[in-house]
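**Student:** So that you have it, the file is input14.txt, and it contains compact mmCIF, C-alpha atoms:
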# COMPACT_ATOMS: atom_id res chain seq x y z
CA MET A 643 5.03 -4.57 -19.75
CA ARG A 644 7.24 -6.04 -22.40
CA GLY A 645 10.79 -7.16 -22.03
CA LEU A 646 13.63 -9.24 -23.32
CA HIS A 647 15.21 -11.72 -20.93
CA LEU A 648 18.49 -13.30 -22.03
CA THR A 649 20.01 -16.17 -20.08
CA ALA A 650 23.45 -17.75 -20.50
CA ASP A 651 24.89 -20.79 -18.76
CA LEU A 652 28.69 -20.80 -19.12
CA TYR A 653 30.87 -23.89 -18.87
CA GLN A 654 34.60 -24.45 -18.38
CA CYS A 655 35.43 -20.79 -17.99
CA ARG A 656 39.11 -20.05 -18.64
CA CYS A 657 39.20 -16.57 -17.07
CA GLU A 658 41.38 -15.69 -14.09
CA ALA A 659 40.03 -17.43 -10.98
CA ARG A 660 39.32 -14.14 -9.18
CA TRP A 661 36.42 -13.42 -11.54
CA LEU A 662 34.70 -16.50 -10.12
CA THR A 663 35.50 -15.92 -6.46
CA GLU A 664 35.38 -12.21 -5.59
CA PRO A 665 31.82 -10.92 -5.15
CA ARG A 666 32.58 -7.19 -4.92
CA GLN A 667 34.81 -7.25 -7.98
CA LEU A 668 32.10 -9.14 -9.88
CA GLY A 669 29.46 -6.60 -8.82
CA GLN A 670 31.56 -3.56 -9.66
CA TRP A 671 32.65 -4.90 -13.00
CA SER A 672 29.14 -5.96 -14.07
CA ARG A 673 27.91 -2.48 -13.13
CA GLN A 674 30.57 -0.94 -15.36
CA ALA A 675 29.58 -3.28 -18.19
CA ALA A 676 25.90 -2.29 -17.84
CA GLU A 677 26.74 1.42 -17.74
CA ALA A 678 28.95 0.99 -20.80
CA VAL A 679 25.85 0.05 -22.85
CA GLY A 680 23.95 3.05 -21.48
CA LEU A 681 21.95 1.46 -18.66
CA ALA A 682 21.30 3.47 -15.47
CA VAL A 683 21.99 1.08 -12.59
CA GLU A 684 20.01 1.93 -9.46
CA HIS A 685 21.50 -0.64 -7.06
CA GLU A 686 24.45 -3.04 -7.07
CA LEU A 687 24.66 -5.96 -4.66
CA SER A 688 26.99 -8.89 -4.20
CA CYS A 689 27.49 -11.76 -1.80
CA ALA A 690 29.56 -14.91 -1.46
CA GLY A 691 28.05 -17.94 -3.15
CA PRO A 692 28.20 -21.62 -2.21
CA GLY A 693 31.50 -23.40 -2.83
CA GLY A 694 33.62 -20.26 -2.81
CA GLY A 695 31.58 -18.69 -5.60
CA ALA A 696 30.19 -15.21 -5.99
CA SER A 697 26.75 -13.74 -6.71
CA ALA A 698 26.09 -10.23 -8.00
CA ALA A 699 22.86 -8.39 -8.77
CA LEU A 700 22.16 -5.10 -10.53
CA LEU A 701 18.68 -3.63 -10.07
CA LEU A 702 17.35 -1.06 -12.53
CA PRO A 703 13.82 0.32 -12.79
CA GLY A 704 11.93 -2.57 -14.39
CA SER A 705 15.11 -4.47 -15.26
CA HIS A 706 17.88 -6.57 -13.71
CA VAL A 707 21.23 -8.25 -14.31
CA LEU A 708 22.27 -11.31 -12.28
CA LEU A 709 25.43 -13.41 -12.11
CA HIS A 710 26.19 -16.53 -10.09
CA THR A 711 29.60 -18.24 -10.31
CA SER A 712 30.71 -21.72 -9.34
CA PRO A 713 34.53 -22.00 -9.17
CA GLY A 714 34.43 -25.77 -8.55
CA ASP A 715 33.23 -26.55 -12.05
CA ARG A 716 34.20 -23.15 -13.51
CA GLY A 717 30.56 -22.40 -14.34
CA VAL A 718 28.63 -19.12 -14.41
CA LEU A 719 24.92 -18.32 -14.78
CA VAL A 720 24.10 -14.93 -16.29
CA ASP A 721 20.72 -13.18 -16.66
CA VAL A 722 20.04 -9.91 -18.46
CA CYS A 723 16.36 -8.92 -18.24
CA LEU A 724 15.45 -5.50 -19.71
CA THR A 725 11.89 -4.24 -19.88
CA HIS A 726 9.99 -1.16 -20.97
CA ALA A 727 10.15 1.10 -23.90
CA GLN A 728 13.79 1.65 -24.52
CA ASP A 729 14.08 1.98 -28.28
CA ASP A 730 17.13 -0.20 -28.57
CA LEU A 731 16.36 -2.57 -25.74
CA ALA A 732 17.25 -5.73 -27.66
CA VAL A 733 20.52 -4.25 -28.92
CA ARG A 734 21.58 -3.18 -25.43
CA ALA A 735 20.61 -6.50 -23.88
CA ARG A 736 22.63 -8.46 -26.43
CA GLU A 737 25.65 -6.14 -26.21
CA LEU A 738 25.67 -6.43 -22.44
CA MET A 739 25.27 -10.20 -22.50
CA GLN A 740 28.13 -10.49 -24.97
CA ALA A 741 30.39 -8.39 -22.74
CA LEU A 742 29.48 -10.41 -19.65
CA VAL A 743 30.05 -13.75 -21.38
CA GLN A 744 33.39 -12.71 -22.90
CA ARG A 745 34.79 -11.77 -19.50
CA PHE A 746 34.62 -15.41 -18.37
CA GLN A 747 36.05 -17.00 -21.56
CA PRO A 748 33.82 -20.08 -21.47
CA GLU A 749 34.67 -23.20 -23.49
CA TRP A 750 31.00 -23.26 -24.43
CA THR A 751 27.69 -21.70 -23.52
CA GLU A 752 23.99 -22.47 -23.52
CA GLN A 753 21.96 -19.33 -24.22
CA ARG A 754 18.24 -18.58 -24.30
CA SER A 755 16.18 -15.56 -25.31
CA LEU A 756 12.78 -15.16 -23.61
CA ASP A 757 10.14 -12.60 -24.53
CA ARG A 758 8.62 -11.48 -21.23
CA GLY A 759 5.18 -9.99 -20.77
CA GLU A 760 4.43 -10.16 -24.48
CA SER A 761 0.74 -10.93 -24.12
CA ALA A 762 -0.26 -7.96 -21.96
CA MET B 1193 26.31 -25.62 -10.88
CA ARG B 1194 22.78 -26.78 -11.33
CA GLY B 1195 19.66 -24.82 -10.72
CA LEU B 1196 15.98 -24.42 -11.38
CA HIS B 1197 14.82 -21.08 -12.78
CA LEU B 1198 11.07 -20.45 -12.78
CA THR B 1199 9.62 -17.43 -14.58
CA ALA B 1200 6.05 -16.14 -14.47
CA ASP B 1201 4.48 -13.31 -16.46
CA LEU B 1202 1.25 -12.18 -14.78
CA TYR B 1203 -1.57 -10.39 -16.57
CA GLN B 1204 -4.60 -8.39 -15.39
CA CYS B 1205 -3.69 -8.62 -11.71
CA ARG B 1206 -6.71 -7.99 -9.45
CA CYS B 1207 -4.74 -7.37 -6.22
CA GLU B 1208 -4.86 -4.09 -4.32
CA ALA B 1209 -3.03 -1.41 -6.32
CA ARG B 1210 -0.41 -0.85 -3.60
CA TRP B 1211 1.18 -4.25 -4.37
CA LEU B 1212 2.03 -2.88 -7.82
CA THR B 1213 3.22 0.57 -6.77
CA GLU B 1214 5.12 0.40 -3.46
CA PRO B 1215 8.70 -0.86 -3.88
CA ARG B 1216 9.58 -1.26 -0.19
CA GLN B 1217 6.40 -3.13 0.59
CA LEU B 1218 7.04 -5.39 -2.39
CA GLY B 1219 10.60 -6.08 -1.26
CA GLN B 1220 9.69 -6.75 2.36
CA TRP B 1221 6.81 -9.00 1.49
CA SER B 1222 8.78 -11.04 -1.06
CA ARG B 1223 11.52 -11.50 1.54
CA GLN B 1224 8.96 -12.85 3.98
CA ALA B 1225 7.60 -15.18 1.31
CA ALA B 1226 11.12 -16.50 0.57
CA GLU B 1227 11.90 -16.99 4.26
CA ALA B 1228 8.57 -18.78 4.72
CA VAL B 1229 9.81 -21.56 2.40
CA GLY B 1230 13.10 -21.78 4.29
CA LEU B 1231 15.38 -19.64 2.12
CA ALA B 1232 18.08 -17.53 3.78
CA VAL B 1233 17.91 -14.12 2.10
CA GLU B 1234 21.23 -12.26 2.14
CA HIS B 1235 20.12 -8.94 0.62
CA GLU B 1236 16.81 -7.27 -0.21
CA LEU B 1237 16.60 -4.33 -2.61
CA SER B 1238 13.82 -2.35 -4.18
CA CYS B 1239 13.38 0.69 -6.39
CA ALA B 1240 10.66 2.54 -8.27
CA GLY B 1241 9.99 1.18 -11.75
CA PRO B 1242 8.87 2.96 -14.91
CA GLY B 1243 5.25 4.08 -15.09
CA GLY B 1244 4.74 4.16 -11.31
CA GLY B 1245 5.73 0.50 -10.96
CA ALA B 1246 8.02 -1.22 -8.50
CA SER B 1247 11.03 -3.51 -8.75
CA ALA B 1248 12.33 -5.76 -5.97
CA ALA B 1249 15.31 -8.11 -5.78
CA LEU B 1250 16.34 -10.73 -3.25
CA LEU B 1251 19.92 -12.01 -3.46
CA LEU B 1252 20.86 -15.32 -1.88
CA PRO B 1253 24.15 -17.21 -2.25
CA GLY B 1254 23.85 -18.69 -5.74
CA SER B 1255 20.18 -17.78 -6.06
CA HIS B 1256 17.83 -14.85 -6.62
CA VAL B 1257 14.21 -13.72 -6.66
CA LEU B 1258 13.10 -10.78 -8.83
CA LEU B 1259 9.82 -8.93 -9.29
CA HIS B 1260 8.92 -6.08 -11.63
CA THR B 1261 5.41 -4.58 -11.66
CA SER B 1262 3.62 -2.45 -14.24
CA PRO B 1263 0.50 -0.78 -12.78
CA GLY B 1264 -0.55 0.65 -16.15
CA ASP B 1265 -1.45 -2.75 -17.56
CA ARG B 1266 -1.61 -4.52 -14.16
CA GLY B 1267 1.25 -6.82 -15.15
CA VAL B 1268 4.03 -8.40 -13.09
CA LEU B 1269 7.17 -10.32 -14.04
CA VAL B 1270 8.46 -12.80 -11.46
CA ASP B 1271 11.71 -14.83 -11.41
CA VAL B 1272 12.70 -17.48 -8.87
CA CYS B 1273 16.15 -18.92 -9.62
CA LEU B 1274 17.53 -21.38 -7.05
CA THR B 1275 20.83 -23.20 -7.54
CA HIS B 1276 23.05 -25.61 -5.67
CA ALA B 1277 22.47 -28.75 -3.75
CA GLN B 1278 19.46 -28.03 -1.65
CA ASP B 1279 17.67 -31.37 -1.43
CA ASP B 1280 14.24 -29.93 -2.01
CA LEU B 1281 15.22 -27.12 -4.33
CA ALA B 1282 12.44 -27.76 -6.84
CA VAL B 1283 9.79 -28.00 -4.11
CA ARG B 1284 10.90 -24.72 -2.52
CA ALA B 1285 11.12 -22.91 -5.84
CA ARG B 1286 7.60 -23.97 -6.81
CA GLU B 1287 6.13 -23.18 -3.38
CA LEU B 1288 7.68 -19.73 -3.45
CA MET B 1289 6.54 -19.03 -7.01
CA GLN B 1290 3.01 -20.09 -6.11
CA ALA B 1291 2.97 -17.74 -3.11
CA LEU B 1292 4.32 -14.84 -5.18
CA VAL B 1293 1.82 -15.37 -7.99
CA GLN B 1294 -1.16 -15.71 -5.64
CA ARG B 1295 -0.42 -12.35 -4.03
CA PHE B 1296 -1.18 -10.55 -7.28
CA GLN B 1297 -4.35 -12.49 -8.22
CA PRO B 1298 -3.68 -12.49 -11.98
CA GLU B 1299 -6.44 -13.25 -14.47
CA TRP B 1300 -3.93 -15.45 -16.20
CA THR B 1301 -0.23 -16.28 -16.25
CA GLU B 1302 2.48 -17.50 -18.59
CA GLN B 1303 4.99 -19.65 -16.72
CA ARG B 1304 8.26 -21.31 -17.72
CA SER B 1305 10.62 -23.72 -15.98
CA LEU B 1306 14.29 -23.59 -17.07
CA ASP B 1307 16.99 -26.03 -15.99
CA ARG B 1308 20.11 -23.92 -15.51
CA GLY B 1309 23.70 -25.16 -15.70
CA GLU B 1310 22.60 -28.73 -16.37
CA SER B 1311 25.42 -29.62 -18.69
CA ALA B 1312 28.36 -28.83 -16.39
Please rewrite the model in this file as structure tokens.

**Tutor:**
Amino acid sequence: MRGLHLTADLYQCRCEARWLTEPRQLGQWSRQAAEAVGLAVEHELSCAGPGGGASAALLLPGSHVLLHTSPGDRGVLVDVCLTHAQDDLAVRARELMQALVQRFQPEWTEQRSLDRGESA
Amino acid sequence: MRGLHLTADLYQCRCEARWLTEPRQLGQWSRQAAEAVGLAVEHELSCAGPGGGASAALLLPGSHVLLHTSPGDRGVLVDVCLTHAQDDLAVRARELMQALVQRFQPEWTEQRSLDRGESA
């Protein structure tokens, strides 16, 4: 199993507040964003987070997308983890991460790129 | 928002094959493991993965647990991401990761510890 796992920690997001507080909207929109880059989402979940925030999860075979928001400090954590032999896996992962980050209009971000399962 | 995100890539797992191939069993067991360290799981999801594998997701307010298995090379990817002011967040995250890893009896692992949202 090989995969690319992108993480982004977003700070001082300037988006409309509802993107940080409404779990279902966050789940539905992130599903649309994933489908827009050609990913087949199997399950979409959301729940309220601590401090009036929202959490949303997309589960795909061998892959996942996760978002957690924190309205109090206008922060968001985003994970895009895609595995298995999709030819353009890295391109899709980066396109999706870019779309997710842009939605929240952060003042700045801290992003990481992790190779997963490389040594199998 | 502050959190601790642990990742583990497991190789050459020597567990019974069903732990790598049965999504519902994987989901139910990982939920039990999370609850055993005192986490309140909001949603549990699972689906078949590529190559006869299994994927399972637990969503908690502000936190998540993810597993993807690959029976072909006996590999597993595990994520435990816990955020927000639980006093013993790091202890719980590490206990849970240890329990999840032990289940699969890997020959060896590659593990990372990421501080998430530290700079807010």

**Student:** Can you tell me which residues surround range 1224-1229 of chain B at a distance of at most 12 Å, considering all atoms listed in the file, apart from same-chain residues fewer than 4 positions away, and format the answer as a VMD selection string?

**Tutor:** chain B and resid 1217 to 1220 1233 to 1236 1249 to 1252 1255 to 1258 1272 to 1274 1280 to 1295

**Student:** Can I get the selection written as a short mmCIF file (atom, residue, chain, number, x, y, z; two decimals), in the coordinates of the input, with C-alpha atoms?

**Tutor:**
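out-v3.cif written:
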data_model
loop_
_atom_site.label_atom_id
_atom_site.label_comp_id
_atom_site.auth_asym_id
_atom_site.auth_seq_id
_atom_site.Cartn_x
_atom_site.Cartn_y
_atom_site.Cartn_z
CA GLN B 1217 6.40 -3.13 0.59
CA LEU B 1218 7.04 -5.39 -2.39
CA GLY B 1219 10.60 -6.08 -1.26
CA GLN B 1220 9.69 -6.75 2.36
CA VAL B 1233 17.91 -14.12 2.10
CA GLU B 1234 21.23 -12.26 2.14
CA HIS B 1235 20.12 -8.94 0.62
CA GLU B 1236 16.81 -7.27 -0.21
CA ALA B 1249 15.31 -8.11 -5.78
CA LEU B 1250 16.34 -10.73 -3.25
CA LEU B 1251 19.92 -12.01 -3.46
CA LEU B 1252 20.86 -15.32 -1.88
CA SER B 1255 20.18 -17.78 -6.06
CA HIS B 1256 17.83 -14.85 -6.62
CA VAL B 1257 14.21 -13.72 -6.66
CA LEU B 1258 13.10 -10.78 -8.83
CA VAL B 1272 12.70 -17.48 -8.87
CA CYS B 1273 16.15 -18.92 -9.62
CA LEU B 1274 17.53 -21.38 -7.05
CA ASP B 1280 14.24 -29.93 -2.01
CA LEU B 1281 15.22 -27.12 -4.33
CA ALA B 1282 12.44 -27.76 -6.84
CA VAL B 1283 9.79 -28.00 -4.11
CA ARG B 1284 10.90 -24.72 -2.52
CA ALA B 1285 11.12 -22.91 -5.84
CA ARG B 1286 7.60 -23.97 -6.81
CA GLU B 1287 6.13 -23.18 -3.38
CA LEU B 1288 7.68 -19.73 -3.45
CA MET B 1289 6.54 -19.03 -7.01
CA GLN B 1290 3.01 -20.09 -6.11
CA ALA B 1291 2.97 -17.74 -3.11
CA LEU B 1292 4.32 -14.84 -5.18
CA VAL B 1293 1.82 -15.37 -7.99
CA GLN B 1294 -1.16 -15.71 -5.64
CA ARG B 1295 -0.42 -12.35 -4.03
#

**Student:** Between A:Arg754, A:Arg660, A:Arg666, A:Arg673, which is the closest to chain B once you count all atoms listed in the file?

**Tutor:**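 Closest to chain B, using all atoms listed in the file: A:Arg754.
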
**Student:** With distances taken over all atoms listed in the file, which of A:Arg644, A:Arg716, A:Arg656, A:His710 is nearest to Gly691 in chain A?

**Tutor:**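 Closest to Gly691 in chain A of all the choices is A:His710.
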
**Student:** By how many Å are CA of Val1268 in chain B and CA of Ser1305 in chain B apart?

**Tutor:**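 Rounded to one decimal, the two atoms are 16.9 Å apart.
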
**Student:** Just need chain B moved onto chain A: least-squares over all Cα atoms matched in order, then output as an mmCIF file with C-alpha atoms, in the frame of the given file.

**Tutor:**
data_model
loop_
_atom_site.group_PDB
_atom_site.id
_atom_site.type_symbol
_atom_site.label_atom_id
_atom_site.label_comp_id
_atom_site.auth_asym_id
_atom_site.auth_seq_id
_atom_site.Cartn_x
_atom_site.Cartn_y
_atom_site.Cartn_z
ATOM 1 C CA MET B 1193 5.022 -4.577 -19.766
ATOM 2 C CA ARG B 1194 7.242 -6.043 -22.399
ATOM 3 C CA GLY B 1195 10.787 -7.152 -22.008
ATOM 4 C CA LEU B 1196 13.627 -9.236 -23.324
ATOM 5 C CA HIS B 1197 15.211 -11.725 -20.924
ATOM 6 C CA LEU B 1198 18.489 -13.300 -22.033
ATOM 7 C CA THR B 1199 20.009 -16.180 -20.069
ATOM 8 C CA ALA B 1200 23.441 -17.747 -20.502
ATOM 9 C CA ASP B 1201 24.900 -20.797 -18.771
ATOM 10 C CA LEU B 1202 28.697 -20.793 -19.118
ATOM 11 C CA TYR B 1203 30.863 -23.891 -18.864
ATOM 12 C CA GLN B 1204 34.605 -24.466 -18.369
ATOM 13 C CA CYS B 1205 35.421 -20.776 -17.988
ATOM 14 C CA ARG B 1206 39.116 -20.055 -18.661
ATOM 15 C CA CYS B 1207 39.196 -16.568 -17.070
ATOM 16 C CA GLU B 1208 41.386 -15.698 -14.098
ATOM 17 C CA ALA B 1209 40.029 -17.430 -10.985
ATOM 18 C CA ARG B 1210 39.332 -14.137 -9.183
ATOM 19 C CA TRP B 1211 36.408 -13.409 -11.551
ATOM 20 C CA LEU B 1212 34.701 -16.496 -10.117
ATOM 21 C CA THR B 1213 35.515 -15.929 -6.451
ATOM 22 C CA GLU B 1214 35.387 -12.208 -5.594
ATOM 23 C CA PRO B 1215 31.820 -10.923 -5.144
ATOM 24 C CA ARG B 1216 32.601 -7.195 -4.928
ATOM 25 C CA GLN B 1217 34.816 -7.260 -7.979
ATOM 26 C CA LEU B 1218 32.109 -9.141 -9.860
ATOM 27 C CA GLY B 1219 29.466 -6.613 -8.834
ATOM 28 C CA GLN B 1220 31.564 -3.564 -9.661
ATOM 29 C CA TRP B 1221 32.656 -4.899 -12.998
ATOM 30 C CA SER B 1222 29.147 -5.942 -14.069
ATOM 31 C CA ARG B 1223 27.911 -2.468 -13.130
ATOM 32 C CA GLN B 1224 30.562 -0.938 -15.359
ATOM 33 C CA ALA B 1225 29.588 -3.285 -18.178
ATOM 34 C CA ALA B 1226 25.904 -2.293 -17.825
ATOM 35 C CA GLU B 1227 26.732 1.417 -17.734
ATOM 36 C CA ALA B 1228 28.956 0.990 -20.796
ATOM 37 C CA VAL B 1229 25.860 0.052 -22.842
ATOM 38 C CA GLY B 1230 23.953 3.044 -21.479
ATOM 39 C CA LEU B 1231 21.950 1.460 -18.656
ATOM 40 C CA ALA B 1232 21.304 3.466 -15.485
ATOM 41 C CA VAL B 1233 21.987 1.086 -12.596
ATOM 42 C CA GLU B 1234 20.021 1.940 -9.451
ATOM 43 C CA HIS B 1235 21.503 -0.633 -7.053
ATOM 44 C CA GLU B 1236 24.450 -3.031 -7.077
ATOM 45 C CA LEU B 1237 24.666 -5.957 -4.661
ATOM 46 C CA SER B 1238 26.971 -8.889 -4.208
ATOM 47 C CA CYS B 1239 27.496 -11.757 -1.795
ATOM 48 C CA ALA B 1240 29.565 -14.912 -1.447
ATOM 49 C CA GLY B 1241 28.039 -17.952 -3.132
ATOM 50 C CA PRO B 1242 28.213 -21.627 -2.196
ATOM 51 C CA GLY B 1243 31.492 -23.431 -2.817
ATOM 52 C CA GLY B 1244 33.622 -20.265 -2.788
ATOM 53 C CA GLY B 1245 31.585 -18.703 -5.600
ATOM 54 C CA ALA B 1246 30.174 -15.224 -5.996
ATOM 55 C CA SER B 1247 26.753 -13.757 -6.713
ATOM 56 C CA ALA B 1248 26.085 -10.241 -8.008
ATOM 57 C CA ALA B 1249 22.862 -8.378 -8.770
ATOM 58 C CA LEU B 1250 22.161 -5.101 -10.528
ATOM 59 C CA LEU B 1251 18.680 -3.622 -10.087
ATOM 60 C CA LEU B 1252 17.366 -1.063 -12.548
ATOM 61 C CA PRO B 1253 13.816 0.308 -12.789
ATOM 62 C CA GLY B 1254 11.941 -2.572 -14.417
ATOM 63 C CA SER B 1255 15.118 -4.470 -15.255
ATOM 64 C CA HIS B 1256 17.885 -6.563 -13.712
ATOM 65 C CA VAL B 1257 21.230 -8.244 -14.318
ATOM 66 C CA LEU B 1258 22.279 -11.307 -12.292
ATOM 67 C CA LEU B 1259 25.434 -13.406 -12.123
ATOM 68 C CA HIS B 1260 26.202 -16.519 -10.092
ATOM 69 C CA THR B 1261 29.603 -18.238 -10.318
ATOM 70 C CA SER B 1262 30.712 -21.732 -9.339
ATOM 71 C CA PRO B 1263 34.526 -22.011 -9.166
ATOM 72 C CA GLY B 1264 34.417 -25.763 -8.521
ATOM 73 C CA ASP B 1265 33.226 -26.554 -12.030
ATOM 74 C CA ARG B 1266 34.200 -23.154 -13.517
ATOM 75 C CA GLY B 1267 30.567 -22.403 -14.346
ATOM 76 C CA VAL B 1268 28.633 -19.128 -14.417
ATOM 77 C CA LEU B 1269 24.935 -18.326 -14.780
ATOM 78 C CA VAL B 1270 24.099 -14.938 -16.295
ATOM 79 C CA ASP B 1271 20.716 -13.174 -16.658
ATOM 80 C CA VAL B 1272 20.040 -9.895 -18.460
ATOM 81 C CA CYS B 1273 16.363 -8.911 -18.246
ATOM 82 C CA LEU B 1274 15.457 -5.503 -19.703
ATOM 83 C CA THR B 1275 11.873 -4.252 -19.882
ATOM 84 C CA HIS B 1276 9.992 -1.162 -20.955
ATOM 85 C CA ALA B 1277 10.126 1.083 -23.925
ATOM 86 C CA GLN B 1278 13.776 1.644 -24.521
ATOM 87 C CA ASP B 1279 14.056 1.957 -28.293
ATOM 88 C CA ASP B 1280 17.124 -0.208 -28.564
ATOM 89 C CA LEU B 1281 16.362 -2.580 -25.729
ATOM 90 C CA ALA B 1282 17.253 -5.727 -27.664
ATOM 91 C CA VAL B 1283 20.527 -4.237 -28.926
ATOM 92 C CA ARG B 1284 21.582 -3.177 -25.422
ATOM 93 C CA ALA B 1285 20.610 -6.492 -23.869
ATOM 94 C CA ARG B 1286 22.628 -8.444 -26.433
ATOM 95 C CA GLU B 1287 25.649 -6.125 -26.214
ATOM 96 C CA LEU B 1288 25.672 -6.422 -22.443
ATOM 97 C CA MET B 1289 25.274 -10.204 -22.500
ATOM 98 C CA GLN B 1290 28.133 -10.488 -24.978
ATOM 99 C CA ALA B 1291 30.396 -8.383 -22.748
ATOM 100 C CA LEU B 1292 29.480 -10.412 -19.656
ATOM 101 C CA VAL B 1293 30.052 -13.747 -21.382
ATOM 102 C CA GLN B 1294 33.386 -12.698 -22.899
ATOM 103 C CA ARG B 1295 34.781 -11.780 -19.487
ATOM 104 C CA PHE B 1296 34.630 -15.403 -18.377
ATOM 105 C CA GLN B 1297 36.043 -16.985 -21.570
ATOM 106 C CA PRO B 1298 33.823 -20.090 -21.456
ATOM 107 C CA GLU B 1299 34.661 -23.183 -23.488
ATOM 108 C CA TRP B 1300 31.019 -23.250 -24.420
ATOM 109 C CA THR B 1301 27.683 -21.691 -23.515
ATOM 110 C CA GLU B 1302 23.980 -22.461 -23.512
ATOM 111 C CA GLN B 1303 21.963 -19.323 -24.222
ATOM 112 C CA ARG B 1304 18.237 -18.577 -24.297
ATOM 113 C CA SER B 1305 16.185 -15.550 -25.314
ATOM 114 C CA LEU B 1306 12.774 -15.161 -23.615
ATOM 115 C CA ASP B 1307 10.141 -12.587 -24.539
ATOM 116 C CA ARG B 1308 8.628 -11.476 -21.238
ATOM 117 C CA GLY B 1309 5.162 -9.986 -20.755
ATOM 118 C CA GLU B 1310 4.399 -10.151 -24.469
ATOM 119 C CA SER B 1311 0.741 -10.940 -24.121
ATOM 120 C CA ALA B 1312 -0.316 -7.956 -21.991
#

**Student:** Would you mind listing, for every residue of chain B within 9 Å of chain A, the two atoms forming the shortest contact and the distance between them in Å to one decimal, using only C-alpha atoms, sorted by chain and ascending residue number, as JSON lines?

**Tutor:**
{"residue": "B:Met1193", "atom": "CA", "partner": "A:Ser712", "partner_atom": "CA", "distance": 6.1}
{"residue": "B:Thr1199", "atom": "CA", "partner": "A:Arg758", "partner_atom": "CA", "distance": 9.0}
{"residue": "B:Ala1200", "atom": "CA", "partner": "A:Arg758", "partner_atom": "CA", "distance": 8.6}
{"residue": "B:Asp1201", "atom": "CA", "partner": "A:Gly759", "partner_atom": "CA", "distance": 5.5}
{"residue": "B:Leu1202", "atom": "CA", "partner": "A:Gly759", "partner_atom": "CA", "distance": 7.5}
{"residue": "B:Tyr1203", "atom": "CA", "partner": "A:Ala762", "partner_atom": "CA", "distance": 6.1}
{"residue": "B:Gln1204", "atom": "CA", "partner": "A:Ala762", "partner_atom": "CA", "distance": 7.9}
{"residue": "B:Glu1234", "atom": "CA", "partner": "A:Cys689", "partner_atom": "CA", "distance": 7.4}
{"residue": "B:His1235", "atom": "CA", "partner": "A:Leu687", "partner_atom": "CA", "distance": 7.6}
{"residue": "B:Leu1237", "atom": "CA", "partner": "A:His685", "partner_atom": "CA", "distance": 7.6}
{"residue": "B:Ser1238", "atom": "CA", "partner": "A:Leu701", "partner_atom": "CA", "distance": 7.7}
{"residue": "B:Cys1239", "atom": "CA", "partner": "A:Pro703", "partner_atom": "CA", "distance": 6.4}
{"residue": "B:Ala1240", "atom": "CA", "partner": "A:Pro703", "partner_atom": "CA", "distance": 5.9}
{"residue": "B:Gly1241", "atom": "CA", "partner": "A:Pro703", "partner_atom": "CA", "distance": 4.1}
{"residue": "B:Pro1242", "atom": "CA", "partner": "A:Pro703", "partner_atom": "CA", "distance": 6.0}
{"residue": "B:Gly1245", "atom": "CA", "partner": "A:Gly704", "partner_atom": "CA", "distance": 7.7}
{"residue": "B:Ala1246", "atom": "CA", "partner": "A:Gly704", "partner_atom": "CA", "distance": 7.2}
{"residue": "B:Ser1247", "atom": "CA", "partner": "A:Gly704", "partner_atom": "CA", "distance": 5.8}
{"residue": "B:Ala1248", "atom": "CA", "partner": "A:Leu701", "partner_atom": "CA", "distance": 7.9}
{"residue": "B:Ala1249", "atom": "CA", "partner": "A:Leu701", "partner_atom": "CA", "distance": 7.1}
{"residue": "B:Leu1250", "atom": "CA", "partner": "A:Ala699", "partner_atom": "CA", "distance": 8.9}
{"residue": "B:Leu1251", "atom": "CA", "partner": "A:Ala699", "partner_atom": "CA", "distance": 7.1}
{"residue": "B:Leu1252", "atom": "CA", "partner": "A:Cys689", "partner_atom": "CA", "distance": 7.5}
{"residue": "B:Pro1253", "atom": "CA", "partner": "A:Gly691", "partner_atom": "CA", "distance": 4.1}
{"residue": "B:Gly1254", "atom": "CA", "partner": "A:Gly691", "partner_atom": "CA", "distance": 5.0}
{"residue": "B:Ser1255", "atom": "CA", "partner": "A:His710", "partner_atom": "CA", "distance": 7.3}
{"residue": "B:His1256", "atom": "CA", "partner": "A:Leu708", "partner_atom": "CA", "distance": 8.0}
{"residue": "B:Leu1258", "atom": "CA", "partner": "A:His706", "partner_atom": "CA", "distance": 8.0}
{"residue": "B:Leu1259", "atom": "CA", "partner": "A:Gly704", "partner_atom": "CA", "distance": 8.4}
{"residue": "B:His1260", "atom": "CA", "partner": "A:Gly704", "partner_atom": "CA", "distance": 5.4}
{"residue": "B:Thr1261", "atom": "CA", "partner": "A:Gly704", "partner_atom": "CA", "distance": 7.3}
{"residue": "B:Ser1262", "atom": "CA", "partner": "A:Met643", "partner_atom": "CA", "distance": 6.1}
{"residue": "B:Gly1264", "atom": "CA", "partner": "A:Met643", "partner_atom": "CA", "distance": 8.4}
{"residue": "B:Asp1265", "atom": "CA", "partner": "A:Ala762", "partner_atom": "CA", "distance": 6.9}
{"residue": "B:Arg1266", "atom": "CA", "partner": "A:Ala762", "partner_atom": "CA", "distance": 8.6}
{"residue": "B:Gly1267", "atom": "CA", "partner": "A:Met643", "partner_atom": "CA", "distance": 6.4}
{"residue": "B:Val1268", "atom": "CA", "partner": "A:Met643", "partner_atom": "CA", "distance": 7.7}
{"residue": "B:Leu1269", "atom": "CA", "partner": "A:Gly759", "partner_atom": "CA", "distance": 7.0}
{"residue": "B:Thr1275", "atom": "CA", "partner": "A:His710", "partner_atom": "CA", "distance": 8.9}
{"residue": "B:His1276", "atom": "CA", "partner": "A:Pro692", "partner_atom": "CA", "distance": 7.4}
{"residue": "B:Glu1302", "atom": "CA", "partner": "A:Gly759", "partner_atom": "CA", "distance": 8.3}
{"residue": "B:Arg1308", "atom": "CA", "partner": "A:Asp651", "partner_atom": "CA", "distance": 6.6}
{"residue": "B:Gly1309", "atom": "CA", "partner": "A:Asp651", "partner_atom": "CA", "distance": 5.5}
{"residue": "B:Glu1310", "atom": "CA", "partner": "A:Asp651", "partner_atom": "CA", "distance": 8.6}
{"residue": "B:Ser1311", "atom": "CA", "partner": "A:Tyr653", "partner_atom": "CA", "distance": 7.9}
{"residue": "B:Ala1312", "atom": "CA", "partner": "A:Tyr653", "partner_atom": "CA", "distance": 6.1}
